[in-house]
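Data first, discussion second: the structure below is written as structure tokens.
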Amino acid sequence: MNAFTPLETQTASNLTFAPVKFANTYNQLIDENEPALQLMHNLVLNPIQHIEIDTRLDEVELILNKTHHKMSFVIDTKDKIVGLISNARLGSRHILATADRLNCHRKELTIGDVMLPINTLQQTNLKQVEQSTVGSITKTMEQTGSEFLLVTDDTQTNFIGYFGVIDLAKVVGLNLYTVKRANKFSDIVDTLLHHTEI
């Protein structure tokens, strides 16, 4: 005979969606010494859609809004993950700056024009995340200047989760400053404009 005890349950009724999908059920700020794993967006349990690289921005916004996702991976014609797009990026001045740089209208832009290329993002593995605190993740994202920190399995080839800097700032209650190394003056301007929108 096993030692498991069933949980007490009741009929589900009058339910609404929680405003924040994190462990802070009572809208309290999470301490930076808490385990990092509780804030990771788990892509195994909660997979997100993949959007093809040649999709126009209006369609991308519609997909993200209808699926209630804040971000999506971008795939090429061979279903390889090539980038990431977020609602924050779609709503930033980066879009208009890209249209201006490419000498086209916003409606002509595709997700491939404005996405965060996968090779510009940072990743870590689940084993490190399981041994880390929320503070360690925020420090990592501040130092790397990443808007997202991807989490892989032990093979380091399969994405199983991610952390978003905006989500961390909200739940931890900190002003997180992600500073990317600038190679030219326009990089500084673009970073400042983009983060003002976020």
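Going through the structure tokens in order, the chains are called A, B, and so on, while each chain numbers its residues from 1 and the ligands are numbered from 1 in the order shown.
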Per residue of region 43-79 of chain A within 10 Å of region 155-176 of chain A, record the nearest atom pair and its distance in Å to one decimal, counting only C-alpha atoms, with rows in chain order and ascending residue number, as JSON lines.
```
{"residue": "A:Leu43", "atom": "CA", "partner": "A:Gly161", "partner_atom": "CA", "distance": 4.9}
{"residue": "A:Val44", "atom": "CA", "partner": "A:Ile160", "partner_atom": "CA", "distance": 5.7}
{"residue": "A:Leu45", "atom": "CA", "partner": "A:Ile160", "partner_atom": "CA", "distance": 8.9}
{"residue": "A:Asn46", "atom": "CA", "partner": "A:Gly161", "partner_atom": "CA", "distance": 9.1}
{"residue": "A:Pro47", "atom": "CA", "partner": "A:Ile160", "partner_atom": "CA", "distance": 8.8}
{"residue": "A:Lys70", "atom": "CA", "partner": "A:Gly164", "partner_atom": "CA", "distance": 9.5}
{"residue": "A:Met71", "atom": "CA", "partner": "A:Gly164", "partner_atom": "CA", "distance": 9.4}
```
Go ahead and save the picked residues with N, CA and C atoms, as a tab-separated table (two decimals), in the first residue's frame.
```tsv
chain	number	residue	atom	x	y	z
A	43	LEU	N	8.62	25.90	-21.47
A	43	LEU	CA	8.14	25.64	-22.83
A	43	LEU	C	7.75	24.19	-23.06
A	44	VAL	N	8.08	23.31	-22.11
A	44	VAL	CA	7.66	21.92	-22.22
A	44	VAL	C	6.20	21.80	-21.80
A	45	LEU	N	5.87	22.42	-20.68
A	45	LEU	CA	4.48	22.37	-20.19
A	45	LEU	C	3.59	23.38	-20.90
A	46	ASN	N	4.18	24.47	-21.37
A	46	ASN	CA	3.43	25.57	-21.97
A	46	ASN	C	4.08	25.98	-23.28
A	47	PRO	N	4.03	25.14	-24.31
A	47	PRO	CA	4.72	25.49	-25.56
A	47	PRO	C	4.15	26.74	-26.21
A	70	LYS	N	3.40	36.63	-25.06
A	70	LYS	CA	4.19	37.86	-25.11
A	70	LYS	C	5.33	37.76	-26.11
A	71	MET	N	5.65	36.52	-26.50
A	71	MET	CA	6.76	36.33	-27.43
A	71	MET	C	6.56	35.07	-28.23
```
Determine, counting only C-alpha atoms, which protein, DNA and RNA residues have an atom within 12 Å of an atom of Glu61 (chain A); residues of the same chain fewer than 3 positions away are not included. Present the result as a ChimeraX atom specification.
/A:51,55-58,64-72,85-91,107,110-111
Considering only C-alpha atoms, return as a PyMOL selection string whatever protein or nucleic-acid residues lie within 9 Å of region 134-143 of chain A, sequence-local ones (same chain, fewer than 4 positions apart) excluded.
chain A and resi 30-39+122+129+147-149+163-165+168-169+172+176-180
If we count only C-alpha atoms, what is near Leu126 (chain A) at a cut-off of 6 Å, once residues fewer than 3 positions away on the same chain are taken out, given as a list in words?
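Surrounding residues, per the criterion: Val129, Val151, Thr152 and Asp153 of chain A.
The environment of Phe73 (chain A) within 8 Å, counting only C-alpha atoms and disregarding residues fewer than 3 places along the same chain, consists of A:Ile48, A:Gln49, A:His50, A:Ile51, A:Ile81, A:Val82, A:Gly83, A:Leu84, A:Ile85.
Interatomic distance, CA of His94 (chain A) to CA of Gly112 (chain A): 13.2 Å.
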State, in Å with one decimal place, the distance from CA of Glu108 (chain A) to CA of Ile63 (chain A).
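Between CA of Glu108 (chain A) and CA of Ile63 (chain A) the gap works out to 17.3 Å.
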Give me every alpha helix (DSSP H) residue in region 34-196 of chain A, going by DSSP on the backbone, as a PyMOL selection string.
chain A and resi 57-67+87-90+94-101+111-114+126-130+134-144+165-172+185-196
Extract the full set of strand (DSSP E or B) residues from region 22-67 of chain A according to DSSP on the backbone, and format it as a short mmCIF file (atom, residue, chain, number, x, y, z; two decimals) with N, CA and C atoms, in the first residue's frame.
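Now in result.cif:
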```cif
data_model
loop_
_atom_site.label_atom_id
_atom_site.label_comp_id
_atom_site.auth_asym_id
_atom_site.auth_seq_id
_atom_site.Cartn_x
_atom_site.Cartn_y
_atom_site.Cartn_z
N PRO A 35 14.05 30.45 -5.35
CA PRO A 35 14.56 29.63 -6.46
C PRO A 35 14.16 30.22 -7.81
N HIS A 41 9.64 30.58 -17.69
CA HIS A 41 8.53 30.20 -18.57
C HIS A 41 8.87 28.82 -19.12
N ASN A 42 8.09 27.82 -18.75
CA ASN A 42 8.37 26.44 -19.12
C ASN A 42 7.76 26.13 -20.48
N HIS A 50 5.40 28.93 -33.12
CA HIS A 50 6.54 29.38 -33.92
C HIS A 50 5.97 30.12 -35.11
N ILE A 51 6.54 31.26 -35.44
CA ILE A 51 6.05 32.06 -36.55
C ILE A 51 7.10 32.08 -37.66
N GLU A 52 6.65 31.90 -38.89
CA GLU A 52 7.57 31.85 -40.02
C GLU A 52 8.19 33.21 -40.29
N ARG A 56 4.27 38.95 -42.16
CA ARG A 56 4.17 40.41 -41.99
C ARG A 56 3.84 40.77 -40.54
#
```
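Note that the spacing between CA of Glu130 (chain A) and CA of Asp154 (chain A) amounts to 11.9 Å.
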